[in-house]
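A.B. asks: Sharing a structure with you now.
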Amino acid sequence: MMIDHPLALLPAALAQAVATLTLTDLATLVGILTALLGALVNLVYTWRKDRREQRASDAAWSRKDGEREPRRRTRPR
């Protein structure tokens, strides 16, 4: 059997790798993927929060009259 392309065996290799995984291995992989996704979501949220706070700070510093911005009502927790 002649293999024309190096990637021709990739599906068979992936199938073999998945077939050898145990339930513990799968649970570990799911845990790692969940942690990475959670870290990514947290990174995006923190970046957006920093941008919001920076805009608020810039707006407060740019006011010339020194009048305080009225406080917004928030829902009680």
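Residue numbering restarts at 1 for every chain of the structure tokens, chains are lettered A, B, ... in their displayed order, and ligands are numbered from 1 as they appear.
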What parts of chain A does DSSP call alpha helix (DSSP H)? I'd like the answer as a VMD selection string.
C.D. replies: chain A and resid 10 to 19 23 to 62
A.B. asks: To one decimal in Å, tell me the separation between atom CA of Lys49 of chain A and atom CA of Arg72 of chain A.
C.D. replies: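 One can read the atom CA of Lys49 of chain A to atom CA of Arg72 of chain A distance as 17.2 Å.
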